[in-house]
>>> print(open('entry.cif').read())   # mmCIF, C-alpha atoms
data_coords
loop_
_atom_site.label_atom_id
_atom_site.label_comp_id
_atom_site.auth_asym_id
_atom_site.auth_seq_id
_atom_site.Cartn_x
_atom_site.Cartn_y
_atom_site.Cartn_z
CA MET N 1 191.80 96.84 45.17
CA ARG N 2 191.70 99.34 42.33
CA ILE N 3 187.87 99.30 42.35
CA PHE N 4 187.96 100.03 46.08
CA VAL N 5 190.37 102.95 45.58
CA THR N 6 188.23 104.35 42.74
CA SER N 7 185.10 104.16 44.91
CA LEU N 8 186.92 105.82 47.78
CA SER N 9 188.16 108.57 45.46
CA PHE N 10 184.63 109.32 44.28
CA ILE N 11 183.44 109.47 47.86
CA ILE N 12 186.24 111.88 48.77
CA ILE N 13 185.33 114.06 45.78
CA GLY N 14 181.69 114.00 46.93
CA LEU N 15 182.71 115.03 50.43
CA TRP N 16 184.85 117.86 49.09
CA LEU N 17 181.90 119.10 47.04
CA ASN N 18 179.65 118.91 50.11
CA ILE N 19 182.06 120.68 52.45
CA VAL N 20 183.61 123.32 50.21
CA PHE N 21 181.68 123.69 46.96
CA ASN N 22 178.26 123.99 48.64
CA HIS N 23 179.43 127.05 50.55
CA TYR N 24 179.96 128.96 47.32
CA VAL N 25 177.46 127.43 44.90
CA GLN N 26 173.85 126.74 45.85
CA ILE N 27 171.19 126.14 43.24
CA VAL N 28 167.90 127.85 44.18
CA GLY N 29 169.24 128.22 47.73
CA LEU N 30 169.56 124.46 48.25
CA LYS N 31 172.73 122.62 49.13
CA ILE N 32 173.00 119.53 46.98
CA ASN N 33 173.97 116.38 48.85
CA TRP N 34 176.75 115.42 46.42
CA ILE N 35 178.10 112.66 48.61
CA LEU N 36 174.71 110.92 48.70
CA ILE N 37 174.51 111.01 44.90
CA PHE N 38 178.00 109.50 44.60
CA LEU N 39 177.20 106.83 47.20
CA LEU N 40 173.92 105.90 45.50
CA ILE N 41 175.53 105.69 42.07
CA GLN N 42 178.33 103.56 43.50
CA THR N 43 175.81 101.28 45.22
CA PHE N 44 173.80 100.85 42.03
CA ARG N 45 176.93 100.11 40.00
CA GLN N 46 178.64 97.70 42.38
CA LEU N 47 177.66 94.58 44.30
CA ASN N 48 179.71 95.60 47.32
CA LEU N 49 177.88 96.15 50.61
CA GLY N 50 180.94 98.01 51.89
CA ILE N 51 179.61 101.21 50.29
CA ALA N 52 176.94 101.30 53.02
CA PHE N 53 179.69 101.39 55.63
CA PHE N 54 181.46 104.15 53.71
CA GLY N 55 178.08 105.87 53.97
CA ILE N 56 178.31 105.82 57.76
CA LEU N 57 181.69 107.54 57.66
CA ALA N 58 180.48 110.15 55.17
CA GLY N 59 177.35 110.70 57.25
CA LEU N 60 179.37 111.16 60.44
CA ILE N 61 181.52 113.77 58.70
CA LEU N 62 178.41 115.65 57.58
CA ASP N 63 177.00 115.39 61.13
CA ALA N 64 180.14 116.97 62.53
CA LEU N 65 179.93 119.82 60.04
CA SER N 66 176.25 120.62 60.58
CA HIS N 67 174.05 120.06 63.64
CA GLY N 68 176.57 118.13 65.74
CA ILE N 69 174.26 115.20 66.56
CA MET N 70 176.76 112.52 65.64
CA GLY N 71 175.29 109.51 63.88
CA LEU N 72 172.16 111.11 62.47
CA TYR N 73 173.24 111.24 58.82
CA GLY N 74 175.41 108.21 59.49
CA THR N 75 172.28 106.21 60.26
CA SER N 76 170.16 107.68 57.48
CA PHE N 77 172.87 107.12 54.86
CA PHE N 78 173.47 103.58 56.12
CA LEU N 79 169.78 102.65 56.05
CA THR N 80 169.25 104.29 52.66
CA LEU N 81 172.18 102.43 51.14
CA LEU N 82 171.01 99.14 52.68
CA ILE N 83 167.58 99.68 51.11
CA THR N 84 169.31 100.56 47.84
CA THR N 85 171.24 97.27 47.85
CA GLN N 86 167.91 95.45 48.10
CA ILE N 87 166.20 97.58 45.44
CA LYS N 88 169.16 97.02 43.12
CA LYS N 89 168.22 93.34 42.93
CA VAL N 90 164.92 94.16 41.24
CA PHE N 91 165.58 97.52 39.59
CA PHE N 92 168.25 98.05 36.97
CA ALA N 93 169.55 101.62 37.33
CA ASN N 94 172.51 102.06 35.08
CA THR N 95 170.98 104.27 32.44
CA PHE N 96 170.68 108.03 32.76
CA THR N 97 166.89 108.03 33.16
CA SER N 98 166.68 105.10 35.53
CA ILE N 99 169.52 106.35 37.75
CA SER N 100 167.86 109.80 37.90
CA LEU N 101 164.63 108.21 39.01
CA ALA N 102 166.41 105.99 41.51
CA VAL N 103 168.42 108.83 43.07
CA PHE N 104 165.29 111.00 43.24
CA SER N 105 163.38 108.26 45.09
CA MET N 106 166.24 107.30 47.39
CA SER N 107 166.91 110.97 48.25
CA ILE N 108 163.30 111.27 49.40
CA ILE N 109 163.71 108.15 51.52
CA GLU N 110 166.97 109.47 52.99
CA GLY N 111 165.29 112.80 53.74
CA LEU N 112 162.39 111.02 55.41
CA ILE N 113 164.70 108.89 57.56
CA SER N 114 166.93 111.82 58.61
CA SER N 115 163.93 114.10 59.33
CA SER N 116 162.26 111.37 61.38
CA ILE N 117 165.38 110.82 63.49
CA LEU N 118 165.92 114.58 63.78
CA SER N 119 162.36 115.05 65.03
CA ILE N 120 163.14 112.70 67.95
CA PHE N 121 165.86 115.10 69.14
CA GLU N 122 164.21 118.31 67.98
CA PRO N 123 160.47 117.86 68.59
CA GLU N 124 159.59 121.36 67.35
CA LEU N 125 160.61 120.33 63.83
CA GLU N 126 157.69 119.86 61.42
CA ILE N 127 158.55 116.89 59.22
CA SER N 128 155.84 117.54 56.63
CA ASN N 129 156.92 121.16 56.24
CA LEU N 130 160.56 120.11 55.98
CA MET N 131 159.76 117.43 53.44
CA LEU N 132 157.79 119.79 51.22
CA SER N 133 160.07 122.81 51.48
CA ALA N 134 163.49 121.17 51.44
CA THR N 135 163.60 117.41 50.87
CA LEU N 136 161.31 117.23 47.85
CA PRO N 137 162.87 120.06 45.80
CA LEU N 138 166.34 118.89 46.80
CA SER N 139 165.58 115.32 45.72
CA LEU N 140 164.29 116.63 42.41
CA LEU N 141 167.42 118.69 41.93
CA GLN N 142 169.60 115.72 42.83
CA GLY N 143 167.69 113.54 40.39
CA VAL N 144 168.27 116.09 37.62
CA ILE N 145 171.96 116.42 38.35
CA THR N 146 172.62 112.67 38.68
CA PRO N 147 173.24 111.92 34.94
CA VAL N 148 176.13 114.40 34.99
CA ILE N 149 177.63 112.68 38.04
CA LEU N 150 177.08 109.27 36.45
CA GLN N 151 178.90 110.44 33.33
CA PHE N 152 181.76 111.63 35.54
CA VAL N 153 181.83 108.30 37.41
CA ILE N 154 181.90 106.35 34.12
CA TRP N 155 184.72 108.56 32.87
CA GLY N 156 186.64 108.05 36.11
CA GLU N 157 186.13 104.29 36.04
CA ASN N 158 187.28 104.11 32.42
CA LEU N 159 190.35 106.10 33.32
CA PHE N 160 191.43 104.01 36.30
CA GLN N 161 190.01 100.57 35.59
CA LYS N 162 190.08 100.10 31.81
CA ASP N 163 193.05 97.71 31.88
CA LEU N 164 191.28 95.55 34.49
CA ALA N 165 188.60 94.38 32.06
CA MET M 1 175.29 79.92 69.51
CA PHE M 2 178.41 80.68 67.46
CA LYS M 3 176.92 78.78 64.53
CA PHE M 4 173.81 80.92 64.77
CA ILE M 5 175.86 84.13 64.91
CA ASN M 6 178.03 82.94 62.05
CA LYS M 7 174.97 82.16 59.95
CA TYR M 8 173.46 85.60 60.47
CA ARG M 9 176.68 87.58 60.81
CA LEU M 10 175.68 90.23 58.27
CA GLN M 11 172.38 90.85 60.05
CA PHE M 12 174.22 91.00 63.37
CA LEU M 13 176.70 93.47 61.92
CA ILE M 14 173.92 95.71 60.62
CA ILE M 15 171.97 95.66 63.88
CA THR M 16 175.11 96.28 65.96
CA THR M 17 176.08 99.19 63.70
CA LEU M 18 172.64 100.73 64.07
CA ILE M 19 172.70 100.34 67.86
CA VAL M 20 176.14 101.96 68.03
CA LEU M 21 174.96 104.85 65.85
CA PHE M 22 171.86 105.42 67.99
CA LEU M 23 173.95 105.37 71.17
CA LEU M 24 176.34 107.85 69.61
CA MET M 25 173.44 110.10 68.62
CA SER M 26 171.87 110.12 72.05
CA GLN M 27 175.23 110.72 73.69
CA THR M 28 176.24 113.65 71.46
CA HIS M 29 172.77 115.16 71.61
CA THR M 30 172.58 115.30 75.39
CA SER M 31 176.18 115.91 76.39
CA GLU M 32 177.36 119.50 76.73
CA SER M 33 180.79 118.78 75.37
CA LYS M 34 180.64 117.61 71.80
CA SER M 35 182.38 114.42 70.79
CA ARG M 36 186.05 114.06 70.04
CA PHE M 37 185.18 112.75 66.59
CA GLN M 38 183.46 116.02 65.75
CA SER M 39 186.52 117.94 66.85
CA VAL M 40 188.72 115.73 64.66
CA ILE M 41 186.46 116.26 61.63
CA LEU M 42 186.40 120.01 62.17
CA THR M 43 190.18 120.02 62.42
CA LEU M 44 190.64 117.88 59.30
CA SER M 45 188.22 119.93 57.22
CA TYR M 46 189.89 123.19 58.23
CA PRO M 47 192.67 123.15 55.56
CA LEU M 48 190.07 122.31 52.88
CA GLN M 49 187.89 125.24 53.81
CA VAL M 50 190.71 127.70 54.34
CA SER M 51 192.29 126.86 50.98
CA ALA M 52 188.94 127.21 49.21
CA LYS M 53 188.36 130.50 50.99
CA SER M 54 191.77 131.86 49.99
CA VAL M 55 191.28 130.80 46.35
CA ALA M 56 187.87 132.49 46.32
CA SER M 57 189.31 135.63 47.95
CA ALA M 58 192.21 135.74 45.49
CA PHE M 59 189.78 135.45 42.59
CA ASN M 60 187.56 138.15 44.11
CA ASN M 61 190.53 140.48 44.61
CA PHE M 62 191.68 139.90 41.06
CA TRP M 63 188.20 140.63 39.75
CA ASN M 64 187.77 143.76 41.84
CA SER M 65 191.20 145.23 41.21
CA TYR M 66 191.67 144.38 37.54
CA ILE M 67 188.43 143.68 35.69
CA SER M 68 186.42 146.44 37.30
CA LEU M 69 189.24 148.95 36.71
CA ALA M 70 187.29 150.22 33.69
CA ASP M 71 184.82 152.13 35.85
CA VAL M 72 187.36 153.40 38.31
CA LYS M 73 187.59 156.99 36.97
CA LYS M 74 183.87 157.64 37.26
CA GLU M 75 183.81 156.01 40.64
CA ASN M 76 186.74 158.16 41.77
CA GLN M 77 184.89 161.38 41.05
CA LEU M 78 181.82 160.13 42.83
CA LEU M 79 183.88 159.09 45.83
CA ARG M 80 185.56 162.50 46.04
CA MET M 81 182.15 164.13 46.24
CA GLN M 82 181.05 161.68 48.87
CA LEU M 83 184.24 162.25 50.83
CA LEU M 84 183.52 165.97 51.12
CA GLU M 85 180.03 165.23 52.40
CA MET M 86 181.36 162.65 54.80
CA GLU M 87 183.94 165.03 56.23
CA GLU M 88 181.20 167.45 57.08
CA LYS M 89 179.14 164.73 58.68
CA MET M 90 182.13 163.40 60.53
CA ASN M 91 182.71 166.74 62.23
CA GLN M 92 179.19 166.54 63.63
CA HIS M 93 179.72 162.96 64.72
CA ILE M 94 182.96 163.77 66.49
CA GLU M 95 181.15 166.43 68.46
CA ASN M 96 178.38 163.98 69.34
CA SER M 97 180.74 161.17 70.21
CA VAL M 98 182.78 163.34 72.59
CA GLN M 99 179.60 164.03 74.50
CA PHE M 100 178.61 160.38 74.31
CA LEU M 101 181.95 159.13 75.58
CA ARG M 102 181.86 161.51 78.51
CA LEU M 103 178.37 160.32 79.50
CA ARG M 104 179.22 156.68 78.95
CA ASP M 105 182.32 156.91 81.11
CA GLN M 106 180.17 158.33 83.87
CA LEU M 107 177.67 155.55 83.43
CA LEU M 108 180.18 152.72 83.44
CA PHE M 109 182.45 154.25 86.03
CA ALA M 110 181.16 152.11 88.88
CA ASN M 111 181.12 148.86 86.98
CA LYS M 112 183.88 148.94 84.42
CA LYS M 113 184.68 145.74 82.54
CA ILE M 114 186.85 144.73 79.65
CA THR M 115 185.42 142.56 76.92
CA GLU M 116 187.73 141.00 74.43
CA LYS M 117 186.64 140.45 70.86
CA ILE M 118 188.18 137.77 68.68
CA PHE M 119 188.02 138.55 64.98
CA ALA M 120 187.00 135.58 62.84
CA GLU M 121 186.28 134.90 59.20
CA ILE M 122 183.48 132.66 58.02
CA ILE M 123 185.05 129.83 56.06
CA GLY M 124 182.15 127.46 55.60
CA GLU M 125 178.62 126.60 56.48
CA SER M 126 176.39 123.72 57.42
CA THR M 127 176.53 120.83 54.97
CA ASP M 128 172.78 120.28 55.18
CA ASN M 129 169.72 122.38 54.39
CA ASN M 130 167.99 122.00 57.75
CA HIS M 131 170.37 123.88 60.03
CA ASN M 132 171.83 127.36 59.92
CA ILE M 133 175.41 126.82 61.00
CA SER M 134 178.52 128.75 59.96
CA LEU M 135 182.11 127.66 60.40
CA ILE M 136 184.69 130.22 61.51
CA ASN M 137 188.49 130.08 61.38
CA ARG M 138 189.02 130.48 65.12
CA GLY M 139 189.06 127.64 67.62
CA SER M 140 190.30 126.59 71.02
CA LYS M 141 193.87 127.64 70.08
CA GLN M 142 192.55 131.20 69.95
CA LEU M 143 190.69 130.67 73.27
CA VAL M 144 187.25 130.31 71.68
CA MET M 145 184.91 128.24 73.82
CA ARG M 146 181.46 126.72 73.51
CA ASN M 147 178.53 129.12 74.00
CA TYR M 148 180.62 132.25 73.42
CA VAL M 149 178.52 134.91 71.74
CA VAL M 150 179.17 135.82 68.11
CA LEU M 151 178.22 139.21 66.73
CA ARG M 152 178.88 141.89 64.17
CA LYS M 153 178.62 145.62 64.48
CA GLU M 154 175.12 145.36 62.97
CA GLY M 155 173.92 143.02 65.72
CA LEU M 156 173.75 139.55 67.17
CA VAL M 157 174.85 136.64 64.97
CA GLY M 158 174.69 133.55 67.18
CA ARG M 159 176.66 131.41 69.60
CA ILE M 160 179.53 128.95 69.37
CA GLN M 161 178.11 125.44 69.00
CA SER M 162 181.29 123.38 68.98
CA VAL M 163 185.00 124.04 69.01
CA SER M 164 188.03 122.35 67.52
CA PRO M 165 191.63 123.59 67.74
CA PHE M 166 191.50 125.72 64.58
CA GLN M 167 187.84 126.22 63.74
CA SER M 168 184.47 126.43 65.42
CA SER M 169 180.87 126.06 64.35
CA VAL M 170 178.46 128.89 65.07
CA GLN M 171 174.76 128.28 65.56
CA LEU M 172 173.16 131.31 63.92
CA ILE M 173 170.13 132.90 65.59
CA THR M 174 168.14 131.94 62.49
CA ASP M 175 168.67 128.22 63.23
CA HIS M 176 165.40 126.57 64.21
CA ARG M 177 166.91 125.42 67.54
CA SER M 178 167.99 128.93 68.53
CA ARG M 179 166.16 130.86 71.28
CA VAL M 180 167.15 134.40 72.27
CA PRO M 181 165.43 136.13 75.21
CA ALA M 182 164.67 139.63 73.93
CA LEU M 183 162.80 142.84 74.60
CA ILE M 184 161.34 145.72 72.65
CA GLN M 185 163.74 148.58 73.26
CA ARG M 186 161.07 151.31 73.33
CA ASN M 187 158.88 149.94 76.12
CA ARG M 188 160.91 146.97 77.50
CA ILE M 189 158.28 144.37 76.61
CA ARG M 190 159.72 140.87 76.77
CA GLY M 191 159.54 137.94 74.38
CA LEU M 192 161.53 135.06 73.02
CA ILE M 193 163.12 135.11 69.57
CA TYR M 194 162.83 131.88 67.61
CA GLY M 195 164.80 131.08 64.50
CA THR M 196 162.65 129.93 61.60
CA ARG M 197 163.46 128.85 58.07
CA GLU M 198 162.25 132.26 56.84
CA GLY M 199 164.01 134.40 59.45
CA LEU M 200 163.22 135.48 63.01
CA GLU M 201 160.03 135.53 65.06
CA MET M 202 159.57 137.11 68.48
CA ARG M 203 157.02 134.96 70.29
CA GLN M 204 155.42 134.90 73.73
CA ILE M 205 154.76 138.64 73.75
CA ASN M 206 152.00 139.66 76.15
CA ARG M 207 148.74 139.97 74.20
CA HIS M 208 148.09 143.44 75.69
CA ALA M 209 151.58 144.69 74.85
CA ASN M 210 151.85 147.79 72.75
CA ILE M 211 154.21 146.98 69.91
CA LYS M 212 154.55 148.84 66.64
CA ILE M 213 156.03 148.12 63.25
CA GLY M 214 159.61 149.37 63.24
CA ASP M 215 160.24 148.83 66.98
CA ARG M 216 163.84 147.87 67.73
CA VAL M 217 164.32 144.45 69.32
CA ILE M 218 167.36 143.81 71.51
CA SER M 219 168.57 140.87 73.58
CA SER M 220 167.31 141.02 77.17
CA GLY M 221 170.21 139.22 78.84
CA LEU M 222 167.89 136.75 80.58
CA GLY M 223 169.27 133.25 80.81
CA GLY M 224 172.82 134.54 80.84
CA LEU M 225 173.86 133.21 77.44
CA PHE M 226 173.42 136.33 75.33
CA PRO M 227 174.43 139.65 76.89
CA LYS M 228 171.86 142.40 77.24
CA GLY M 229 171.48 145.14 74.66
CA LEU M 230 172.55 143.47 71.42
CA LEU M 231 170.44 144.50 68.45
CA VAL M 232 168.58 141.60 66.87
CA GLY M 233 166.23 143.36 64.45
CA TRP M 234 163.12 145.43 63.93
CA VAL M 235 159.44 144.51 64.07
CA LYS M 236 158.18 143.98 60.52
CA GLU M 237 154.79 142.40 61.11
CA ILE M 238 152.57 141.64 64.11
CA ARG M 239 150.45 138.49 64.24
CA HIS M 240 147.75 137.90 66.78
CA GLN M 241 144.49 135.96 66.71
CA LYS M 242 141.76 136.83 69.23
CA HIS M 243 141.91 133.41 70.89
CA GLU M 244 145.70 133.43 71.30
CA LEU M 245 147.35 134.22 74.63
CA PHE M 246 150.44 135.76 73.08
CA LYS M 247 151.36 138.02 70.19
CA THR M 248 154.01 137.10 67.64
CA ALA M 249 156.19 139.65 65.89
CA ILE M 250 157.96 138.88 62.63
CA LEU M 251 161.34 140.58 62.60
CA ASP M 252 163.52 142.22 60.00
CA MET M 253 167.01 140.95 60.81
CA ALA M 254 169.72 143.44 61.77
CA VAL M 255 172.36 141.18 60.27
CA ASP M 256 172.12 140.06 56.67
CA PHE M 257 173.06 136.42 57.12
CA ASN M 258 173.56 135.90 53.40
CA GLN M 259 176.25 138.55 53.23
CA ILE M 260 178.34 138.08 56.37
CA GLU M 261 182.00 137.21 55.92
CA GLU M 262 183.55 138.34 59.20
CA VAL M 263 182.32 138.17 62.77
CA PHE M 264 183.53 138.85 66.29
CA VAL M 265 183.54 136.25 69.04
CA ILE M 266 183.02 137.81 72.45
CA VAL M 267 185.12 136.56 75.32
CA PRO M 268 182.93 137.29 78.35
CA SER M 269 184.39 139.44 81.11
CA LYS M 270 184.86 137.75 84.44
CA THR M 271 182.72 140.25 86.35
CA ASP M 272 179.49 139.74 84.44
CA SER M 273 178.09 139.65 80.93
CA HIS M 274 176.23 142.88 80.56
CA LEU M 275 175.88 145.48 77.87
CA PHE M 276 178.59 145.72 75.22
CA ILE M 277 179.17 149.20 73.88
CA ASP M 278 181.64 149.87 71.12
#
>>> encode(input="entry.cif", output="structure tokens")
Amino acid sequence: MRIFVTSLSFIIIGLWLNIVFNHYVQIVGLKINWILIFLLIQTFRQLNLGIAFFGILAGLILDALSHGIMGLYGTSFFLTLLITTQIKKVFFANTFTSISLAVFSMSIIEGLISSSILSIFEPELEISNLMLSATLPLSLLQGVITPVILQFVIWGENLFQKDLA
Amino acid sequence: MFKFINKYRLQFLIITTLIVLFLLMSQTHTSESKSRFQSVILTLSYPLQVSAKSVASAFNNFWNSYISLADVKKENQLLRMQLLEMEEKMNQHIENSVQFLRLRDQLLFANKKITEKIFAEIIGESTDNNHNISLINRGSKQLVMRNYVVLRKEGLVGRIQSVSPFQSSVQLITDHRSRVPALIQRNRIRGLIYGTREGLEMRQINRHANIKIGDRVISSGLGGLFPKGLLVGWVKEIRHQKHELFKTAILDMAVDFNQIEEVFVIVPSKTDSHLFID
């Protein structure tokens, strides 16, 4: 139960960062997808598939606060996290370098999925242009920032779950 | 059958979830009224955004009124000088505006209409990098409705995309889905303004049209969504290849979308939606 609450707390923090913090702080004009980083770290650190379903909720919230096509980020987050649960079986990503690499790769995949779905509804959108100008630099940025988030997650877990061990 | 479903229940759950999400997407994309869920999210996120905005404003006020007090004496002297100049200019403007008001009253005498403006503050923006959306602190409680036009005194800002009781999302004209029918003010040549990642482009301009750098571009009122006469920008660059049927003009935006903090939502008059003059 406490693990569930801790995960939920991290997701809420990620959402807050996405909704409020991004409005005031943007690195090189890009809005970091904090919630995706938190979700990916949580997925890599836990065996629970429930994180993928949290991903749907987080995605739906982001949909409501951006383009309004409900379910777009919900689907892309869900699929990305499902892929992550499979990758986790063969790739250990609990060190700073490996988690950076993993988040970088998974962010690209998430960007590809969301752009592909978006292009169904908005045919004038150029996926390749979007990938090169937004998704790739954003994924790189997210990869760079991930160790800091991981450190925060470890600190949070130690704080709330240390007596569970 | 049940054994089969029970055996593959996780796969069934995943597939069902995906189907539900796709149905939701297609429904919210096509329907005019946005989903109830979106309204709930906008309502729930409102306190978060308003509190962050007030903290940021309080910090800004503190910074401006206290920290920058050091330069206030110098600034005072400069402002006094500017005030004298401004007073002189204002006298001229008053004279001009009296004449203007008289002429305008004559012009609008036959077709007088009242347009109400709702003042709104920008409290947030799109959570992704692909869409140019701003969130404002006015919603259906303040009679804001979908597709109402949003502007500033500098020019056109966008339209209301979705509404919740306390806040609304505004699709800016720089959003890649935005289309504004427009014309060159000097010679009334028509085109369509597209939002791009870099800014604004006026496309579908007749290839023989005479357009110049610096021409003012205003909304044409075609389509009925945006009223006629709202400034959108100025022509910065003209692109045309010999084989192309249309010219494209790159525009300098009238509104600096990185700086805006307050906007006005226009409640359309019941008679028609024509030119707004302040």
>>> closest_atom_pairs(input="entry.cif", of="chain M", to="chain N", cutoff="8 Å", atoms="only C-alpha atoms", output="tab-separated table")
residue	atom	partner	partner_atom	distance
M:Leu18	CA	N:Thr75	CA	6.7
M:Leu21	CA	N:Gly71	CA	5.1
M:Phe22	CA	N:Gly71	CA	6.7
M:Leu24	CA	N:Gly71	CA	6.1
M:Met25	CA	N:Met70	CA	5.1
M:Ser26	CA	N:Ile69	CA	7.9
M:Thr28	CA	N:Ile69	CA	5.5
M:His29	CA	N:Ile69	CA	5.3
M:Lys34	CA	N:Gly68	CA	7.3
M:Ser35	CA	N:Met70	CA	7.9
M:Phe37	CA	N:Ala64	CA	7.7
M:Gln38	CA	N:Ala64	CA	4.7
M:Ser39	CA	N:Ala64	CA	7.8
M:Ile41	CA	N:Ile61	CA	6.3
M:Leu42	CA	N:Leu65	CA	6.8
M:Ser45	CA	N:Ile19	CA	7.8
M:Leu48	CA	N:Val20	CA	7.1
M:Gln49	CA	N:Val20	CA	5.9
M:Ala52	CA	N:Val20	CA	6.7
M:Gly124	CA	N:His23	CA	5.8
M:Glu125	CA	N:His23	CA	6.0
M:Ser126	CA	N:Ser66	CA	4.4
M:Thr127	CA	N:Ser66	CA	5.6
M:Asp128	CA	N:Ser66	CA	6.4
M:Asn129	CA	N:Lys31	CA	6.1
M:Asn130	CA	N:Ala134	CA	7.8
M:His131	CA	N:His67	CA	6.4
M:Ile133	CA	N:Ser66	CA	6.3
M:Ser162	CA	N:Gly68	CA	7.8
M:Ser169	CA	N:Leu65	CA	7.6
M:His176	CA	N:Leu125	CA	7.9
M:Arg177	CA	N:Glu122	CA	7.6
>>> atom_distance(input="entry.cif", atom1="atom CA of M:Leu44", atom2="atom CA of M:Val267")
25.2 Å
>>> resolve_selection(input="entry.cif", expression="the PyMOL selection byres ((chain N and resi 106) around 9)", output="ChimeraX atom specification")
/N:40,80-81,83-84,101-105,107-111,139
>>> resolve_selection(input="entry.cif", expression="the PyMOL selection byres ((chain M and resi 138) around 8)", output="PyMOL selection string")
chain M and resi 120-121+136-137+139-142+144+165-168
>>> residues_around(input="entry.cif", residues="N:Ile51", least_positions_apart="3", cutoff="8 Å", atoms="only C-alpha atoms", output="list of chain:residue names")
N:Leu39, N:Gln42, N:Thr43, N:Asn48, N:Phe54, N:Gly55, N:Leu81
>>> decode(input="entry.cif", residues="stretch 22-77 of chain M", atoms="C-alpha atoms", output="short mmCIF file (atom, residue, chain, number, x, y, z; two decimals), in the first residue's frame")
data_model
loop_
_atom_site.label_atom_id
_atom_site.label_comp_id
_atom_site.auth_asym_id
_atom_site.auth_seq_id
_atom_site.Cartn_x
_atom_site.Cartn_y
_atom_site.Cartn_z
CA PHE M 22 -9.20 5.19 -29.67
CA LEU M 23 -12.98 5.58 -29.45
CA LEU M 24 -12.52 8.44 -27.01
CA MET M 25 -10.01 10.09 -29.34
CA SER M 26 -12.22 9.88 -32.39
CA GLN M 27 -15.21 11.13 -30.41
CA THR M 28 -13.45 14.15 -28.89
CA HIS M 29 -11.73 15.00 -32.16
CA THR M 30 -14.90 15.18 -34.22
CA SER M 31 -17.46 16.46 -31.73
CA GLU M 32 -17.94 20.20 -31.43
CA SER M 33 -18.50 20.10 -27.71
CA LYS M 34 -15.45 18.87 -25.90
CA SER M 35 -15.76 16.02 -23.42
CA ARG M 36 -16.94 16.33 -19.87
CA PHE M 37 -13.66 14.82 -18.69
CA GLN M 38 -11.74 17.71 -20.24
CA SER M 39 -13.98 20.18 -18.46
CA VAL M 40 -13.38 18.37 -15.16
CA ILE M 41 -9.59 18.42 -15.66
CA LEU M 42 -9.63 22.10 -16.55
CA THR M 43 -11.69 22.81 -13.44
CA LEU M 44 -9.43 20.73 -11.18
CA SER M 45 -6.23 22.26 -12.52
CA TYR M 46 -7.57 25.80 -12.09
CA PRO M 47 -6.60 26.21 -8.38
CA LEU M 48 -3.10 24.86 -9.14
CA GLN M 49 -2.54 27.35 -11.91
CA VAL M 50 -4.10 30.30 -10.14
CA SER M 51 -2.05 29.70 -6.99
CA ALA M 52 1.15 29.40 -9.03
CA LYS M 53 0.25 32.56 -10.90
CA SER M 54 -0.40 34.50 -7.70
CA VAL M 55 2.89 33.31 -6.15
CA ALA M 56 4.75 34.34 -9.30
CA SER M 57 2.98 37.71 -9.35
CA ALA M 58 3.72 38.31 -5.68
CA PHE M 59 7.38 37.53 -6.26
CA ASN M 60 7.42 39.79 -9.32
CA ASN M 61 5.81 42.65 -7.38
CA PHE M 62 8.27 42.21 -4.55
CA TRP M 63 11.17 42.27 -6.98
CA ASN M 64 9.90 45.31 -8.86
CA SER M 65 8.94 47.37 -5.84
CA TYR M 66 11.81 46.56 -3.49
CA ILE M 67 14.91 45.23 -5.23
CA SER M 68 14.78 47.61 -8.17
CA LEU M 69 14.20 50.58 -5.84
CA ALA M 70 17.90 51.41 -6.20
CA ASP M 71 17.43 52.87 -9.67
CA VAL M 72 14.21 54.64 -8.92
CA LYS M 73 15.64 58.18 -8.59
CA LYS M 74 17.26 58.14 -12.01
CA GLU M 75 14.18 56.59 -13.50
CA ASN M 76 12.01 59.27 -11.88
CA GLN M 77 13.89 62.08 -13.59
#
